[in-house]
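Asks: Input protein-v5.tsv, format and content: TSV, C-alpha atoms (C1' of nucleotides).
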```
chain	number	residue	atom	x	y	z
A	1	MET	CA	16.76	10.58	-22.99
A	2	ARG	CA	16.87	9.99	-19.28
A	3	MET	CA	17.03	12.92	-16.91
A	4	SER	CA	19.91	11.25	-15.06
A	5	ASP	CA	21.93	11.01	-18.26
A	6	ILE	CA	21.29	14.64	-19.12
A	7	ILE	CA	22.45	15.75	-15.71
A	8	ALA	CA	25.49	13.47	-15.86
A	9	ARG	CA	26.39	14.84	-19.26
A	10	PHE	CA	26.20	18.36	-17.93
A	11	ILE	CA	28.57	17.49	-15.11
A	12	TYR	CA	31.01	15.76	-17.47
A	13	ASP	CA	31.06	18.78	-19.73
A	14	GLU	CA	31.57	21.20	-16.88
A	15	LEU	CA	34.42	19.09	-15.56
A	16	GLU	CA	36.06	19.23	-18.97
A	17	GLY	CA	35.95	22.99	-18.99
A	18	CYS	CA	36.96	23.46	-15.36
A	19	LYS	CA	40.24	21.59	-15.11
A	20	GLY	CA	38.75	18.63	-13.34
A	21	THR	CA	36.83	20.28	-10.53
A	22	LEU	CA	33.30	21.57	-10.33
A	23	GLU	CA	31.39	23.24	-7.54
A	24	VAL	CA	27.62	23.59	-7.74
A	25	SER	CA	24.58	24.04	-5.56
A	26	ARG	CA	22.36	21.00	-5.42
A	27	GLY	CA	19.20	23.07	-5.33
A	28	GLN	CA	20.12	25.24	-8.29
A	29	LEU	CA	21.18	22.24	-10.33
A	30	ALA	CA	17.89	20.50	-9.63
A	31	GLU	CA	15.96	23.62	-10.54
A	32	ARG	CA	17.86	24.05	-13.78
A	33	PHE	CA	16.86	20.58	-14.88
A	34	GLY	CA	13.40	20.66	-13.34
A	35	CYS	CA	13.87	17.69	-11.08
A	36	VAL	CA	13.79	17.06	-7.35
A	37	PRO	CA	17.06	17.71	-5.51
A	38	SER	CA	17.46	14.12	-4.44
A	39	GLN	CA	17.84	13.14	-8.05
A	40	ILE	CA	21.15	14.93	-8.05
A	41	ASN	CA	22.27	12.58	-5.28
A	42	TYR	CA	21.10	9.68	-7.37
A	43	VAL	CA	23.16	10.80	-10.35
A	44	LEU	CA	26.21	11.34	-8.18
A	45	SER	CA	26.01	7.98	-6.49
A	46	THR	CA	25.39	6.03	-9.68
A	47	ARG	CA	27.79	7.82	-12.02
A	48	PHE	CA	30.34	9.74	-10.03
A	49	SER	CA	31.37	7.23	-7.40
A	50	PRO	CA	34.99	6.61	-6.40
A	51	GLU	CA	34.91	3.52	-8.62
A	52	HIS	CA	34.18	5.85	-11.49
A	53	GLY	CA	37.17	7.92	-10.50
A	54	TYR	CA	35.52	10.87	-8.81
A	55	ILE	CA	35.61	12.46	-5.39
A	56	VAL	CA	32.49	14.21	-4.20
A	57	GLU	CA	32.61	16.59	-1.27
A	58	THR	CA	29.60	18.47	0.08
A	59	ARG	CA	28.69	21.08	2.58
A	60	ARG	CA	25.30	21.95	4.02
A	61	GLY	CA	23.86	25.17	5.35
A	62	GLY	CA	23.93	28.64	3.85
A	63	GLY	CA	26.30	28.77	0.89
A	64	GLY	CA	26.35	24.98	0.82
A	65	TYR	CA	27.74	23.24	-2.22
A	66	ILE	CA	28.62	20.02	-3.94
A	67	ARG	CA	32.14	19.75	-5.24
A	68	ILE	CA	33.03	17.08	-7.77
A	69	THR	CA	36.64	16.31	-8.58
A	70	ARG	CA	37.92	13.96	-11.21
A	71	VAL	CA	40.88	11.91	-10.06
A	72	ARG	CA	43.65	11.38	-12.55
A	73	LEU	CA	46.32	8.70	-12.11
A	74	ALA	CA	48.99	7.32	-14.38
A	75	PRO	CA	47.74	4.35	-16.43
A	76	GLN	CA	49.73	1.68	-14.63
A	77	ALA	CA	48.79	3.10	-11.24
A	78	LEU	CA	45.16	3.21	-12.30
A	79	ILE	CA	45.19	-0.46	-13.20
A	80	MET	CA	47.01	-1.52	-10.05
A	81	HIS	CA	44.64	0.55	-7.98
A	82	ALA	CA	41.70	-1.20	-9.59
A	83	ILE	CA	43.16	-4.65	-8.98
A	84	ASN	CA	43.64	-3.81	-5.33
A	85	ALA	CA	40.24	-2.22	-4.95
A	86	ILE	CA	38.35	-5.16	-6.39
A	87	GLY	CA	37.53	-7.41	-3.49
A	88	ASP	CA	36.76	-11.10	-3.37
A	89	GLU	CA	33.49	-10.44	-5.12
A	90	ILE	CA	31.95	-7.62	-7.06
A	91	ASP	CA	28.53	-6.87	-8.53
A	92	ALA	CA	27.94	-6.15	-12.18
A	93	ARG	CA	27.38	-2.47	-11.70
A	94	THR	CA	30.52	-1.83	-9.74
A	95	ALA	CA	32.52	-3.90	-12.21
A	96	GLN	CA	31.29	-1.72	-15.03
A	97	ALA	CA	32.24	1.37	-13.07
A	98	PHE	CA	35.77	0.11	-12.56
A	99	LEU	CA	36.20	-0.71	-16.23
A	100	GLN	CA	34.80	2.62	-17.28
A	101	ASN	CA	37.37	4.25	-15.09
A	102	LEU	CA	40.11	2.45	-17.01
A	103	THR	CA	39.28	3.92	-20.39
A	104	SER	CA	42.36	6.07	-20.27
A	105	ALA	CA	44.64	3.19	-19.28
A	106	LEU	CA	43.60	0.42	-21.66
A	107	LYS	CA	42.80	0.21	-25.33
A	108	PRO	CA	39.09	0.06	-26.11
A	109	GLU	CA	39.43	-3.39	-27.67
A	110	ILE	CA	40.99	-4.76	-24.50
A	111	LEU	CA	38.30	-3.21	-22.36
A	112	ARG	CA	35.62	-4.70	-24.57
A	113	VAL	CA	37.11	-8.15	-24.20
A	114	ILE	CA	37.38	-7.91	-20.42
A	115	SER	CA	33.90	-6.49	-20.24
A	116	ALA	CA	32.60	-9.38	-22.30
A	117	ALA	CA	34.41	-11.96	-20.16
A	118	ALA	CA	32.89	-10.59	-16.97
A	119	GLY	CA	29.58	-9.60	-18.54
A	120	ASP	CA	26.07	-10.72	-17.78
A	121	PRO	CA	25.68	-13.18	-20.65
A	122	VAL	CA	28.62	-15.15	-19.33
A	123	MET	CA	27.62	-14.86	-15.68
A	124	ARG	CA	24.11	-16.05	-16.40
A	125	THR	CA	25.51	-19.51	-16.98
A	126	LEU	CA	26.42	-19.60	-13.28
A	127	ALA	CA	24.40	-19.90	-10.11
A	128	PRO	CA	23.67	-16.35	-8.89
A	129	GLU	CA	25.49	-16.83	-5.59
A	130	VAL	CA	28.86	-17.43	-7.21
A	131	ARG	CA	28.71	-14.71	-9.87
A	132	GLY	CA	30.29	-12.04	-7.73
A	133	VAL	CA	33.32	-14.17	-6.99
A	134	MET	CA	33.75	-15.13	-10.61
A	135	ARG	CA	33.45	-11.55	-11.82
A	136	ALA	CA	36.13	-10.46	-9.38
A	137	SER	CA	38.39	-13.31	-10.36
A	138	ILE	CA	38.08	-12.68	-14.09
A	139	LEU	CA	38.59	-8.97	-13.70
A	140	LYS	CA	41.69	-9.30	-11.58
A	141	GLN	CA	43.30	-11.97	-13.73
A	142	CYS	CA	42.64	-10.04	-16.92
A	143	LEU	CA	43.91	-6.78	-15.50
A	144	LEU	CA	47.01	-8.53	-14.21
A	145	VAL	CA	48.08	-9.76	-17.62
A	146	THR	CA	47.66	-6.30	-19.10
A	147	LEU	CA	50.48	-5.20	-16.82
A	148	SER	CA	52.98	-7.65	-18.21
B	1	MET	CA	3.89	-15.45	-42.26
B	2	ARG	CA	4.99	-16.02	-38.71
B	3	MET	CA	5.10	-13.14	-36.32
B	4	SER	CA	8.67	-14.01	-35.33
B	5	ASP	CA	9.76	-13.84	-38.95
B	6	ILE	CA	8.07	-10.49	-39.46
B	7	ILE	CA	9.80	-9.06	-36.43
B	8	ALA	CA	13.12	-10.55	-37.47
B	9	ARG	CA	12.74	-9.09	-40.95
B	10	PHE	CA	12.05	-5.69	-39.46
B	11	ILE	CA	15.21	-5.89	-37.39
B	12	TYR	CA	17.27	-7.02	-40.38
B	13	ASP	CA	16.00	-4.11	-42.43
B	14	GLU	CA	16.63	-1.58	-39.72
B	15	LEU	CA	20.16	-2.89	-39.28
B	16	GLU	CA	20.72	-2.37	-42.99
B	17	GLY	CA	19.71	1.25	-42.81
B	18	CYS	CA	21.49	2.04	-39.54
B	19	LYS	CA	25.04	1.00	-40.31
B	20	GLY	CA	24.91	-2.13	-38.24
B	21	THR	CA	23.40	-0.99	-35.00
B	22	LEU	CA	19.84	-0.62	-33.82
B	23	GLU	CA	18.39	0.59	-30.56
B	24	VAL	CA	14.74	-0.01	-29.75
B	25	SER	CA	12.40	-0.25	-26.84
B	26	ARG	CA	11.10	-3.74	-26.26
B	27	GLY	CA	7.68	-2.50	-25.24
B	28	GLN	CA	7.26	-0.25	-28.27
B	29	LEU	CA	8.44	-2.92	-30.64
B	30	ALA	CA	5.97	-5.40	-29.18
B	31	GLU	CA	3.20	-2.86	-29.45
B	32	ARG	CA	4.02	-2.06	-33.06
B	33	PHE	CA	3.63	-5.70	-33.99
B	34	GLY	CA	0.80	-6.40	-31.59
B	35	CYS	CA	2.54	-9.15	-29.69
B	36	VAL	CA	3.59	-9.69	-26.10
B	37	PRO	CA	6.96	-8.22	-25.11
B	38	SER	CA	8.48	-11.57	-24.33
B	39	GLN	CA	8.14	-12.55	-27.96
B	40	ILE	CA	10.82	-10.00	-28.74
B	41	ASN	CA	13.14	-11.97	-26.47
B	42	TYR	CA	12.24	-15.11	-28.32
B	43	VAL	CA	13.09	-13.58	-31.67
B	44	LEU	CA	16.37	-12.24	-30.35
B	45	SER	CA	17.44	-15.52	-28.81
B	46	THR	CA	16.53	-17.63	-31.83
B	47	ARG	CA	17.72	-15.35	-34.64
B	48	PHE	CA	20.13	-12.81	-33.27
B	49	SER	CA	22.35	-14.95	-31.10
B	50	PRO	CA	26.14	-14.68	-31.02
B	51	GLU	CA	26.34	-17.71	-33.28
B	52	HIS	CA	24.41	-15.70	-35.82
B	53	GLY	CA	26.88	-12.86	-35.48
B	54	TYR	CA	24.98	-10.39	-33.35
B	55	ILE	CA	25.61	-8.67	-30.06
B	56	VAL	CA	22.55	-7.82	-28.02
B	57	GLU	CA	22.84	-5.42	-25.11
B	58	THR	CA	19.93	-4.36	-22.95
B	59	ARG	CA	19.11	-2.02	-20.15
B	60	ARG	CA	16.14	-2.12	-17.81
B	61	GLY	CA	14.46	0.61	-15.86
B	62	GLY	CA	13.12	3.95	-17.03
B	63	GLY	CA	14.43	4.73	-20.49
B	64	GLY	CA	15.50	1.12	-20.94
B	65	TYR	CA	16.36	-0.25	-24.37
B	66	ILE	CA	17.54	-3.16	-26.45
B	67	ARG	CA	20.54	-2.57	-28.69
B	68	ILE	CA	21.38	-4.98	-31.47
B	69	THR	CA	24.70	-4.82	-33.26
B	70	ARG	CA	25.61	-6.79	-36.34
B	71	VAL	CA	29.16	-7.93	-36.35
B	72	ARG	CA	31.21	-7.77	-39.52
B	73	LEU	CA	32.23	-11.31	-40.24
B	74	ALA	CA	33.68	-11.48	-43.72
B	75	PRO	CA	37.26	-10.42	-42.90
B	76	GLN	CA	37.30	-12.48	-39.71
B	77	ALA	CA	35.83	-15.73	-40.83
B	78	LEU	CA	38.39	-17.58	-38.77
B	79	ILE	CA	37.09	-16.13	-35.53
B	80	MET	CA	33.47	-16.59	-36.48
B	81	HIS	CA	34.24	-20.16	-37.31
B	82	ALA	CA	35.77	-20.66	-33.88
B	83	ILE	CA	32.74	-19.18	-32.17
B	84	ASN	CA	30.51	-21.64	-33.94
B	85	ALA	CA	32.84	-24.55	-33.36
B	86	ILE	CA	33.09	-24.09	-29.61
B	87	GLY	CA	30.32	-26.14	-28.15
B	88	ASP	CA	28.38	-25.73	-24.94
B	89	GLU	CA	31.43	-26.71	-22.98
B	90	ILE	CA	35.12	-27.09	-23.57
B	91	ASP	CA	38.09	-28.37	-21.61
B	92	ALA	CA	41.21	-26.38	-20.86
B	93	ARG	CA	43.39	-28.11	-23.41
B	94	THR	CA	40.96	-27.67	-26.27
B	95	ALA	CA	40.39	-24.07	-25.33
B	96	GLN	CA	44.10	-23.42	-25.54
B	97	ALA	CA	44.17	-25.08	-28.93
B	98	PHE	CA	41.41	-22.84	-30.20
B	99	LEU	CA	43.22	-19.75	-29.05
B	100	GLN	CA	46.48	-20.91	-30.61
B	101	ASN	CA	44.70	-21.24	-33.91
B	102	LEU	CA	43.76	-17.60	-33.69
B	103	THR	CA	47.26	-16.18	-33.36
B	104	SER	CA	47.05	-14.91	-36.90
B	105	ALA	CA	43.71	-13.23	-36.33
B	106	LEU	CA	44.17	-11.54	-32.98
B	107	LYS	CA	46.83	-9.39	-31.36
B	108	PRO	CA	48.92	-11.12	-28.67
B	109	GLU	CA	47.66	-8.77	-25.95
B	110	ILE	CA	44.06	-9.66	-26.75
B	111	LEU	CA	44.86	-13.35	-26.73
B	112	ARG	CA	46.59	-13.00	-23.38
B	113	VAL	CA	43.54	-11.35	-21.87
B	114	ILE	CA	41.16	-13.97	-23.19
B	115	SER	CA	43.52	-16.67	-22.05
B	116	ALA	CA	43.60	-15.15	-18.58
B	117	ALA	CA	39.81	-14.87	-18.43
B	118	ALA	CA	39.35	-18.54	-19.28
B	119	GLY	CA	42.47	-19.73	-17.52
B	120	ASP	CA	42.99	-22.09	-14.63
B	121	PRO	CA	43.36	-19.53	-11.84
B	122	VAL	CA	39.90	-18.23	-12.65
B	123	MET	CA	38.36	-21.65	-13.20
B	124	ARG	CA	39.67	-22.92	-9.90
B	125	THR	CA	37.17	-20.72	-8.11
B	126	LEU	CA	34.43	-22.84	-9.65
B	127	ALA	CA	33.13	-26.33	-9.02
B	128	PRO	CA	34.84	-28.66	-11.52
B	129	GLU	CA	31.60	-29.74	-13.17
B	130	VAL	CA	30.73	-26.26	-14.38
B	131	ARG	CA	34.16	-25.19	-15.61
B	132	GLY	CA	33.68	-26.46	-19.11
B	133	VAL	CA	30.49	-24.47	-19.60
B	134	MET	CA	32.08	-21.35	-18.20
B	135	ARG	CA	35.17	-21.66	-20.39
B	136	ALA	CA	33.01	-22.02	-23.49
B	137	SER	CA	30.88	-19.08	-22.53
B	138	ILE	CA	33.81	-16.79	-21.83
B	139	LEU	CA	35.58	-17.76	-25.02
B	140	LYS	CA	32.56	-17.17	-27.21
B	141	GLN	CA	31.62	-13.84	-25.70
B	142	CYS	CA	35.19	-12.57	-25.83
B	143	LEU	CA	35.74	-13.66	-29.39
B	144	LEU	CA	32.47	-12.13	-30.44
B	145	VAL	CA	33.37	-8.66	-29.23
B	146	THR	CA	36.68	-8.78	-31.04
B	147	LEU	CA	34.62	-8.76	-34.22
B	148	SER	CA	32.78	-5.53	-33.60
C	1	DG	C1'	0.62	-38.65	-34.22
C	2	DT	C1'	5.09	-36.98	-32.72
C	3	DG	C1'	8.43	-33.68	-32.23
C	4	DT	C1'	9.87	-28.99	-32.87
C	5	DA	C1'	8.95	-24.07	-33.22
C	6	DT	C1'	6.11	-20.34	-31.84
C	7	DT	C1'	3.11	-17.70	-28.90
C	8	DT	C1'	1.48	-16.11	-24.52
C	9	DG	C1'	1.18	-14.57	-19.85
C	10	DA	C1'	2.22	-14.69	-15.02
C	11	DC	C1'	5.85	-13.42	-12.20
C	12	DC	C1'	10.72	-11.48	-11.52
C	13	DA	C1'	14.75	-7.98	-11.71
C	14	DT	C1'	16.77	-3.56	-12.51
C	15	DT	C1'	16.97	1.36	-13.09
C	16	DT	C1'	15.09	5.73	-12.55
C	17	DC	C1'	12.25	9.20	-10.34
C	18	DT	C1'	9.86	11.36	-6.40
C	19	DG	C1'	8.82	13.14	-1.96
C	20	DA	C1'	8.57	13.01	2.98
C	21	DC	C1'	11.47	13.37	6.65
C	22	DC	C1'	16.36	14.00	8.65
C	23	DA	C1'	20.94	16.44	9.58
C	24	DA	C1'	24.23	19.98	9.41
C	25	DA	C1'	26.02	24.53	8.84
C	26	DA	C1'	25.37	29.39	8.60
C	27	DA	C1'	22.96	33.55	9.96
C	28	DG	C1'	20.43	36.29	13.07
C	29	DC	C1'	19.61	37.80	17.57
C	30	DA	C1'	19.66	38.31	22.95
D	1	DT	C1'	28.30	33.41	23.85
D	2	DG	C1'	24.25	30.57	23.37
D	3	DC	C1'	19.77	29.86	21.30
D	4	DT	C1'	16.68	30.01	17.26
D	5	DT	C1'	15.78	30.31	12.53
D	6	DT	C1'	16.97	29.65	7.92
D	7	DT	C1'	19.32	27.55	4.37
D	8	DT	C1'	21.36	23.93	2.50
D	9	DG	C1'	22.37	19.02	1.48
D	10	DG	C1'	21.34	13.54	2.82
D	11	DT	C1'	18.59	9.28	3.23
D	12	DC	C1'	15.50	6.06	2.26
D	13	DA	C1'	11.48	3.76	0.98
D	14	DG	C1'	8.19	3.39	-2.53
D	15	DA	C1'	6.25	4.26	-7.15
D	16	DA	C1'	6.99	4.06	-12.02
D	17	DA	C1'	9.15	2.42	-16.15
D	18	DT	C1'	11.52	-0.63	-18.34
D	19	DG	C1'	13.37	-5.40	-19.79
D	20	DG	C1'	13.98	-10.94	-18.44
D	21	DT	C1'	12.54	-15.78	-17.53
D	22	DC	C1'	10.17	-19.80	-17.82
D	23	DA	C1'	6.74	-23.02	-18.42
D	24	DA	C1'	2.28	-23.98	-20.42
D	25	DA	C1'	-0.53	-23.67	-24.52
D	26	DT	C1'	-0.73	-23.69	-29.38
D	27	DA	C1'	0.65	-24.20	-34.15
D	28	DC	C1'	3.33	-26.36	-37.65
D	29	DA	C1'	6.03	-29.76	-40.27
D	30	DC	C1'	6.90	-34.53	-41.11
```
Translate this file's structure into structure tokens.

Replies:
Amino acid sequence: MRMSDIIARFIYDELEGCKGTLEVSRGQLAERFGCVPSQINYVLSTRFSPEHGYIVETRRGGGGYIRITRVRLAPQALIMHAINAIGDEIDARTAQAFLQNLTSALKPEILRVISAAAGDPVMRTLAPEVRGVMRASILKQCLLVTLS
Amino acid sequence: MRMSDIIARFIYDELEGCKGTLEVSRGQLAERFGCVPSQINYVLSTRFSPEHGYIVETRRGGGGYIRITRVRLAPQALIMHAINAIGDEIDARTAQAFLQNLTSALKPEILRVISAAAGDPVMRTLAPEVRGVMRASILKQCLLVTLS
DNA sequence: GTGTATTTGACCATTTCTGACCAAAAAGCA
DNA sequence: TGCTTTTTGGTCAGAAATGGTCAAATACAC
């Protein structure tokens, strides 16, 4: 299993046990998992971004820390927020992050369908330069009808 | 016996033993059968396509994988039939007809989402000559995941 | 012999991992 | 206070580890 996934799992689990907020030292975390400190930043930026529904605050210097907070919104608000946050175009990765963040607001079957509609196999039938626009369009239209 | 058939047989057998889902590394699989990695892609695209009732998901990069899922098709023959009947492209009217025929097989909310994904507002962002292909692609991928 | 299916390999894309170098905040000290 | 040192975390480019694509070569079935 990937180091990044192991670290991410650890953070998820800690967040479960800590009422949605976790404060750690980057150095110690890296040492615990035997990786370089910058890998922690990699994990945070790829799996704990705002699109994923997390807020990360840090502080340098002696006693520095990294604080990760999970944001919780009501389902409807979550969906509306996503619709507003999706711009005119969106890349595959960010799209996935948004959908992942909606797991608590939409049934898994619905999410799977939306994910399939905006997924790579579908997008591959299009010229690369228009994929972002199409992804955004599909996502927004699909999310809209889930509100009705 | 052809290499492709041997590899396909292996995948079939593994899917039997693994309750419908199999995760492998393309490189390792190729090495096991002494073929080039791209032959794995060939096998997947010719024998494990959506029309055959399989979902293939992949991931690149360190720790990458190929995941193959067999979709249960007996109880949902209607949907599988639709997937096979939709050609390489489809116009808006016919697409609507297909979806209407599935009202007994899919929940209204699911149908609404698929309808939105393949609907006019989305298609309008595309050049007219590629809309048919996109509609077909979206429909097939969405219907496929409703089977899993 | 012709047309289709298979096989192969060169080149491309994506994700993860690593380390050198940078920036900020705290701690220590005149 | 103001400067220096120490202790943290941040960035970014590049290497490494996967999988993807496509067209040419080859094999196979009529």

Asks: For DG9 of chain D, please output as a ChimeraX atom specification all residues within 10 Å (counting only C-alpha atoms (C1' of nucleotides); exclusion window: fewer than 3 positions along the same chain).

Replies: /A:25-27,37-38,41,58-61,64-66 /C:23-25

Asks: May I have the protein, DNA and RNA residues with an atom at most 7 Å from (1.8, -20.6, -15.6), counting all atoms listed in the file in the file's coordinates, returned as number ranges by chain?

Replies: C: 10; D: 23-24

Asks: Report the Cα RMSD between chain A and chain B after least-squares superposition, pairing every C-alpha atom in order.

Replies: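 That gives an RMSD of 10.8 Å.
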
Asks: How many Å separate atom CA of Gly20 of chain B from atom CA of Val71 of chain B?

Replies: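 Taking atom CA of Gly20 of chain B and atom CA of Val71 of chain B, their separation equals 7.4 Å.
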
Asks: Between atom CA of Val122 of chain B and atom CA of Gln141 of chain A, what is the distance in Å, rounded to a tenth?

Replies: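 So the answer is 7.2 Å.
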
Asks: What residues in chain D have any atom no more than 6 Å from chain B when counting all atoms listed in the file, and can you write them as a list in words?

Replies: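 Contact residues on the first chain: DA17, DT18 and DG19 of chain D.
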
Asks: Chain B residues within 12 Å of chain A, counting all atoms listed in the file: which ones, as number ranges by chain?

Replies: B: 45, 49-50, 55-59, 61-65, 88-89, 106-127, 129-148

Asks: Please, which residues of chain C lie no more than 7 Å from chain B when the count uses only C-alpha atoms (C1' of nucleotides), and can they be set out as a list in words?

Replies: DT8, DT14, DT15 and DT16 of chain C

Asks: Smallest atom-to-atom distance to Ala74 of chain A: which of A:Glu31, A:Pro128, A:Thr103, A:Arg47, using all atoms listed in the file?

Replies: A:Thr103

Asks: What is the atom CA of Gln76 of chain B to atom CA of Gln100 of chain B distance in Å?

Replies: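 These two atoms are separated by 15.4 Å.
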
Asks: Considering only C-alpha atoms (C1' of nucleotides), return as an MDAnalysis selection string whatever protein or nucleic-acid residues lie within 12 Å of DC30 of chain D, sequence-local ones (same chain, fewer than 5 positions apart) excluded.

Replies: chainID C and resid 1:4

Asks: Emit as lines of an AutoDock Vina configuration file the padded axis-aligned box for all listed atoms of segment 101-113 of chain B, 8 Å per side, with centre and edge lengths in Å to one decimal.

Replies:
```
center_x = 46.2
center_y = -15.0
center_z = -29.4
size_x = 21.4
size_y = 28.5
size_z = 31.0
```

Asks: Using the incomplete input, complete segment 19-31 of chain B to the level of N, CA and C atoms; output as a PDB file, in the frame of the given file.

Replies:
```pdb
ATOM      1  N   LYS B  19      23.641   1.403 -40.373  1.00  0.00           N
ATOM      2  CA  LYS B  19      25.040   1.000 -40.310  1.00  0.00           C
ATOM      3  C   LYS B  19      25.343   0.036 -39.162  1.00  0.00           C
ATOM      4  N   GLY B  20      24.541  -1.021 -39.110  1.00  0.00           N
ATOM      5  CA  GLY B  20      24.910  -2.130 -38.240  1.00  0.00           C
ATOM      6  C   GLY B  20      24.482  -2.081 -36.810  1.00  0.00           C
ATOM      7  N   THR B  21      23.822  -1.019 -36.390  1.00  0.00           N
ATOM      8  CA  THR B  21      23.400  -0.990 -35.000  1.00  0.00           C
ATOM      9  C   THR B  21      21.993  -0.434 -34.872  1.00  0.00           C
ATOM     10  N   LEU B  22      21.236  -1.019 -33.970  1.00  0.00           N
ATOM     11  CA  LEU B  22      19.840  -0.620 -33.820  1.00  0.00           C
ATOM     12  C   LEU B  22      19.473  -0.584 -32.353  1.00  0.00           C
ATOM     13  N   GLU B  23      18.802   0.473 -31.956  1.00  0.00           N
ATOM     14  CA  GLU B  23      18.390   0.590 -30.560  1.00  0.00           C
ATOM     15  C   GLU B  23      16.889   0.792 -30.515  1.00  0.00           C
ATOM     16  N   VAL B  24      16.205  -0.101 -29.832  1.00  0.00           N
ATOM     17  CA  VAL B  24      14.740  -0.010 -29.750  1.00  0.00           C
ATOM     18  C   VAL B  24      14.275  -0.265 -28.332  1.00  0.00           C
ATOM     19  N   SER B  25      13.017   0.073 -28.114  1.00  0.00           N
ATOM     20  CA  SER B  25      12.400  -0.250 -26.840  1.00  0.00           C
ATOM     21  C   SER B  25      11.588  -1.532 -27.018  1.00  0.00           C
ATOM     22  N   ARG B  26      11.785  -2.466 -26.121  1.00  0.00           N
ATOM     23  CA  ARG B  26      11.100  -3.740 -26.260  1.00  0.00           C
ATOM     24  C   ARG B  26       9.596  -3.542 -26.270  1.00  0.00           C
ATOM     25  N   GLY B  27       9.111  -2.734 -25.347  1.00  0.00           N
ATOM     26  CA  GLY B  27       7.680  -2.500 -25.240  1.00  0.00           C
ATOM     27  C   GLY B  27       7.094  -1.915 -26.523  1.00  0.00           C
ATOM     28  N   GLN B  28       7.760  -0.889 -27.057  1.00  0.00           N
ATOM     29  CA  GLN B  28       7.260  -0.250 -28.270  1.00  0.00           C
ATOM     30  C   GLN B  28       7.259  -1.202 -29.457  1.00  0.00           C
ATOM     31  N   LEU B  29       8.330  -1.972 -29.538  1.00  0.00           N
ATOM     32  CA  LEU B  29       8.440  -2.920 -30.640  1.00  0.00           C
ATOM     33  C   LEU B  29       7.293  -3.929 -30.562  1.00  0.00           C
ATOM     34  N   ALA B  30       7.057  -4.433 -29.366  1.00  0.00           N
ATOM     35  CA  ALA B  30       5.970  -5.400 -29.180  1.00  0.00           C
ATOM     36  C   ALA B  30       4.637  -4.772 -29.555  1.00  0.00           C
ATOM     37  N   GLU B  31       4.467  -3.526 -29.170  1.00  0.00           N
ATOM     38  CA  GLU B  31       3.200  -2.860 -29.450  1.00  0.00           C
ATOM     39  C   GLU B  31       3.015  -2.664 -30.947  1.00  0.00           C
TER      40      GLU B  31
END
```
